[in-house]
Structure formats: structure tokens, C-alpha cells
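A.B. asks: A single structure is presented below for examination.
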Amino acid sequence: MLDLKTLVADPAVVEASLKKRNKSNLIPVVSDVVAMDKERRESIQKVEALKAKRNTASQEIGKLKKSGGDTAPLMEEMKAVATEIKSLDERLGDIESKLSLLMYEIPNLLHASVPEGTDLSGNVEVRRWGTPKELPFPAKAHDEIGEKMGILDFKKAGEVTGARFVFLKGLAAQLERALIRLMIETHVKAGYQEMIPPYIVNRAALTGTGQLPKFEEDVFHIEKYDYFLIPTAEVPVTNYHRQEILEEKDLTIKYVAYTPCFRSEAGSYGKDTKGMKRQHQFNKVELVKFSKPENSFAELDALLGDAEKILQILNLPYRVVNLCGGDIGFNSTKTYDIEVWSPFTKGYMEISSCSNFVDFQARRANIRYRAKDGKVHFVHTLNGSGLAVGRTLLAIMENYQKEDGTFEVPAALRALLG
């Protein structure tokens, strides 16, 4: 969440960021926060004044008792004061609870370098790598190739579970496993510590990374335990340091984690429903960083380069785009998307998002670090896909396809397949 003091001191900055996000509808929430914080501070002052009055009266009652004076009037007055303090404390608790919920509604402040734009058409291309292949025959979609080869089975997955699931068989399963290994080993060599986190998390974890309370419909909920299936490894890995104070000498901390991911894809029905592009369950390798504030944007550039490295190893053409205000995620202050080339659609498809959240998640999860001077500050958190495994397999099948309806295996994966 945002820093309340910063918001109250300069709400215009927050309102300008909301307008850039195309979220002007949230501006009244900012006004409500300012008004409610004023009431909160006034209530605290009243409570403190009343408690001071009560302390003074207690001393006076003690003196009266020693001197044999009449304490009844003062004690009666203090009963009324105690009732008023209790009422104000209850009101204060209610205000702070509502204020917290309002703060959870407000997205992160956008970095100055985020482009203007209301939707993905406003995203700005940063660079391209590789040249899209000109196939001498009509390109086929990955699902058509996979079903013809007998390595993707959407029909059986639909019978076993439902729509937007798939069985990977034979070569597809082997390639998925090889891709995970390639990604993990590449990132470990780049200095990331490998981690296998839980695939189920509690409500506090999802609140810490910003998925709750605003986006609960997007995650799968296990109601009996109030647990959730993870939408990405970002959630458990970021929360690994929840409620901790890290040491400055240990930053930047870098983790890489492979997990299956589960998303309800609420609101996306009818969009990219065919094939493996938008599934309820998919594999992903995630990169997570904990950085000092002054280093976080350099760390974002480095993280982006680490994710790009996988596509370069696989010789898959891609481009990098800087997301505009209308397309960027709720938690992010700046995001780069990596989009891989799809010969079938003759366009680029998102395969990774690399984001800097500055202290937005750290405030929610209370992740801090102790500087050399002993002062404690919030860390900056970052993450990115390194990469989405299913979409990488999809890109391989389409970019390396042959006229006979099969595809070649990239050289970098052949050794891993034996």
C-alpha cells in the first residue's frame, strides 16, 4: 500500500497517478482517506487529552484522600471521562479499520517513465531481439500441431476437469520439464537462489503481495481452510520475508522458483480460450528480488535482462515493451513486458512481465531492512517471469514448426532431452 503520510501530505500526486492509470473513479477514495485520516488524528488528540486529564485527576483524588477531602464529585466526573475514552477508542478502531480497507483500494504510484495510455495500444516498444522467421508455408497454431502429433490433449483434459486445461504427453511433457530445468539452471548461474515454495497460501500472504482484498475473484479459494492456490510463485516467495527486518549487507536478495500457477481468469471468458495461451493451471519460473530503494530500478533492468536471456538461448524472436498507465498492474510502479513472436498470429505475445513494486508490497507485508546507521527502512520488491513455461513451449512449437505439421527441438534443449 501507499505511505499514508505521503498521501495525506500531497493527495494531488496520487490523484494524478490515478488519472494516468485511467482510474479517475478512485479519486473519491483518496478524498475519503484524507478526511478519515483527519478524523483519526483528531480522535487520537481527544483521547490523549482525556487520558491526561484522567491522570491529573487520579493524582488529585489521591491528595484529597490523604487530606480527608471529598473525592465523590471528581470520581463521578472521571466515570464520565472513562465512558468518553471508551467510546472514542471504539470509534478510533472503526476508523482505522475502514482507513486500512480504503488504502488497500488505491494502486501504486506510477513512475515518471511510465507512458501515457488507456490500454495496451499505449505501450511503448523499447527494443527487439531476433528476426521473426518467414515460413515458406501457412503457419499452424501450436494446438493444431500438438494435437496432430498426439502430444497435447485438450479434449481429455476437458473430460477430466473442464475447459482451459491440457494433458501434456510424450515430447510435450519432456520439453516442459527440460524448459523448467533450463530456466532454473540459467538463473541460478546468474546468482539467484533456487526455492520450491508451498503452492497453497493463506489470506495474509495474498494480502501482502496485493492480490487481496481487491482481486479475490481471480484466485482459487479453498473455503474449508481459507487457503488459496497460488496465482504465481511471487506470492509465497515474497512472503518468505514477511514481518522480517533484513540486513543491508544481505541486499539484493534474489530467488528463483518453479511452481504450477492457478488462476480463475475471471472476466476473461471468450478471450484466448483456445490452446495453451490462457489456462487455469500452468507452469512458471518466477524471479523475485528484495532490493535497497536506491538500487531497485537498476535491479529491474537486470531482472529484465535475466528473463530475456532464456529467449536468446532458445533463439526465439521477441520484443520488450514499457507498459503504459492504462495497462500496468495494480501493484506495480513500472513494468516491462517481454513479448515473444507468434508465427500463427503474426504478432507478439506476452511471455513475461518484469515489475518494480518499490515499497508498495513491503508496506503491506512489513518487510524492512536495517541500514548501516541502524535505521530501519522498507525494502523494494521486484519480480518477473523467467519465463512462463507453457507459453515458451507454445512459442517453440510455432517458431520451429515444419511443413509436415511437426516441429524441431531447439539445440539448447536437445542435450537436456538426452
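The chains in the C-alpha cells are called A, B, ... from first to last as shown; in each chain the residues are counted from 1, and the ligands are counted from 1 in the order shown.
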List every residue of region 94-272 of chain A that DSSP, applied to the backbone of this structure, assigns to strand (DSSP E), and report them as a ChimeraX atom specification.
C.D. replies: /A:124-129,152-153,167-168,193-195,200-202,221-222,227-229,245-247,253-262
A.B. asks: As a ChimeraX atom specification, please: the residues near His377 (chain A) (cut-off 12 Å, only C-alpha atoms, same-chain neighbours under 5 positions excluded).
C.D. replies: /A:244-248,291-294,358-359,362-363,366-372
A.B. asks: Write the selection just made, keeping C-alpha atoms, as a compact mmCIF listing (two decimals), in the first residue's frame?
C.D. replies:
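Resulting contents of again08.txt:
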```txt
# COMPACT_ATOMS: atom_id res chain seq x y z
CA GLU A 244 11.15 -9.56 8.90
CA ILE A 245 13.90 -6.98 9.20
CA LEU A 246 16.68 -7.87 6.76
CA GLU A 247 20.24 -6.60 6.98
CA GLU A 248 21.52 -4.08 4.43
CA SER A 291 16.46 -4.53 -3.01
CA LYS A 292 17.61 -1.32 -1.37
CA PRO A 293 15.45 1.60 -2.63
CA GLU A 294 18.30 3.36 -4.42
CA VAL A 358 9.09 -0.17 -4.83
CA ASP A 359 7.85 -0.28 -1.19
CA ALA A 362 6.82 -4.25 1.57
CA ARG A 363 4.44 -1.96 3.46
CA ASN A 366 6.01 -5.36 6.63
CA ILE A 367 9.33 -6.32 5.02
CA ARG A 368 12.12 -3.98 6.11
CA TYR A 369 15.89 -3.76 6.31
CA ARG A 370 18.28 -2.29 8.84
CA ALA A 371 20.74 0.17 7.31
CA LYS A 372 24.35 0.53 8.43
```
A.B. asks: Using only C-alpha atoms, which residues sit within 6 Å of region 249-263 of chain A once same-chain residues fewer than 6 positions away are excluded, as a list in words?
C.D. replies: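 Once the nearby chain positions are removed, what remains is Tyr192, Gln193, Glu194, Met195, Ile196, Val219, Ile230, Pro231, Thr232, His280, Gln281, Phe282, Asn283, Lys284, Val285, Glu286, Leu287, Val288, Lys289, Phe290 and Ser291 of chain A.
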A.B. asks: May I ask which of the residues A:Gly325, A:Ala112, A:Ala163, A:Ala49 is the closest one to Val13 (chain A), counting only C-alpha atoms?
C.D. replies: A:Ala112
A.B. asks: Would you list the contacts of Val114 (chain A) as number ranges by chain, taking every protein, DNA or RNA residue within 7 Å and counting only C-alpha atoms, but skipping same-chain residues closer than 4 positions in sequence?
C.D. replies: A: 110, 322-325, 334
A.B. asks: Pick from A:Ala35, A:Pro11, A:Thr406, A:His241: nearest to Val379 (chain A), with only C-alpha atoms counted?
C.D. replies: A:His241
A.B. asks: With distances taken over only C-alpha atoms, which residue among A:Thr131, A:Ser17, A:Asn22, A:Thr71 lies nearest Pro343 (chain A)?
C.D. replies: A:Thr131
A.B. asks: Could you list, as a ChimeraX atom specification, every residue within 10 Å of Asp32 (chain A), counting only C-alpha atoms and ignoring same-chain residues fewer than 5 positions away?
C.D. replies: /A:27,37-38,99,102-103
A.B. asks: Go ahead and save the picked residues with N, CA and C atoms, as a compact mmCIF listing (two decimals), in the first residue's frame.
C.D. replies:
```txt
# COMPACT_ATOMS: atom_id res chain seq x y z
N ILE A 27 -10.50 8.48 -7.41
CA ILE A 27 -10.13 9.76 -6.79
C ILE A 27 -10.97 10.06 -5.55
N ASP A 37 -8.47 10.25 7.73
CA ASP A 37 -7.23 10.39 8.50
C ASP A 37 -7.29 11.63 9.39
N LYS A 38 -7.93 12.69 8.92
CA LYS A 38 -8.10 13.89 9.74
C LYS A 38 -8.92 13.56 10.98
N LEU A 99 -10.09 2.82 7.29
CA LEU A 99 -8.98 3.50 6.60
C LEU A 99 -8.05 2.49 5.94
N LEU A 102 -9.68 1.22 2.78
CA LEU A 102 -9.60 2.23 1.72
C LEU A 102 -8.21 2.28 1.11
N MET A 103 -7.18 2.18 1.95
CA MET A 103 -5.81 2.20 1.46
C MET A 103 -5.52 1.01 0.56
```
A.B. asks: Nearest residue to Leu92 (chain A) out of A:Lys46, A:His142, A:Arg278, A:Arg203, using only C-alpha atoms?
C.D. replies: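 Ranking A:Lys46, A:His142, A:Arg278, A:Arg203 by distance to Leu92 (chain A), first place goes to A:Lys46.
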A.B. asks: Just how far from CA of Lys98 (chain A) is CA of Leu7 (chain A), in Å to one decimal?
C.D. replies: 16.0 Å
A.B. asks: If you run DSSP over the backbone, which residues in region 214-283 of chain A end up alpha helix (DSSP H)? Put them as a PyMOL selection string.
C.D. replies: chain A and resi 234-238
A.B. asks: Have a look at A:Val340, A:Leu50, A:Leu387, A:Ile351 and name the one nearest to Pro317 (chain A); count only C-alpha atoms.
C.D. replies: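 Closest candidate: A:Val340.
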A.B. asks: Need the shell around Asp301 (chain A): protein/DNA/RNA residues with any atom at most 10 Å away, counting only C-alpha atoms. Skip same-chain ones fewer than 4 positions apart. Format as a PyMOL selection string?
C.D. replies: chain A and resi 296-297+305-306+336+354-356
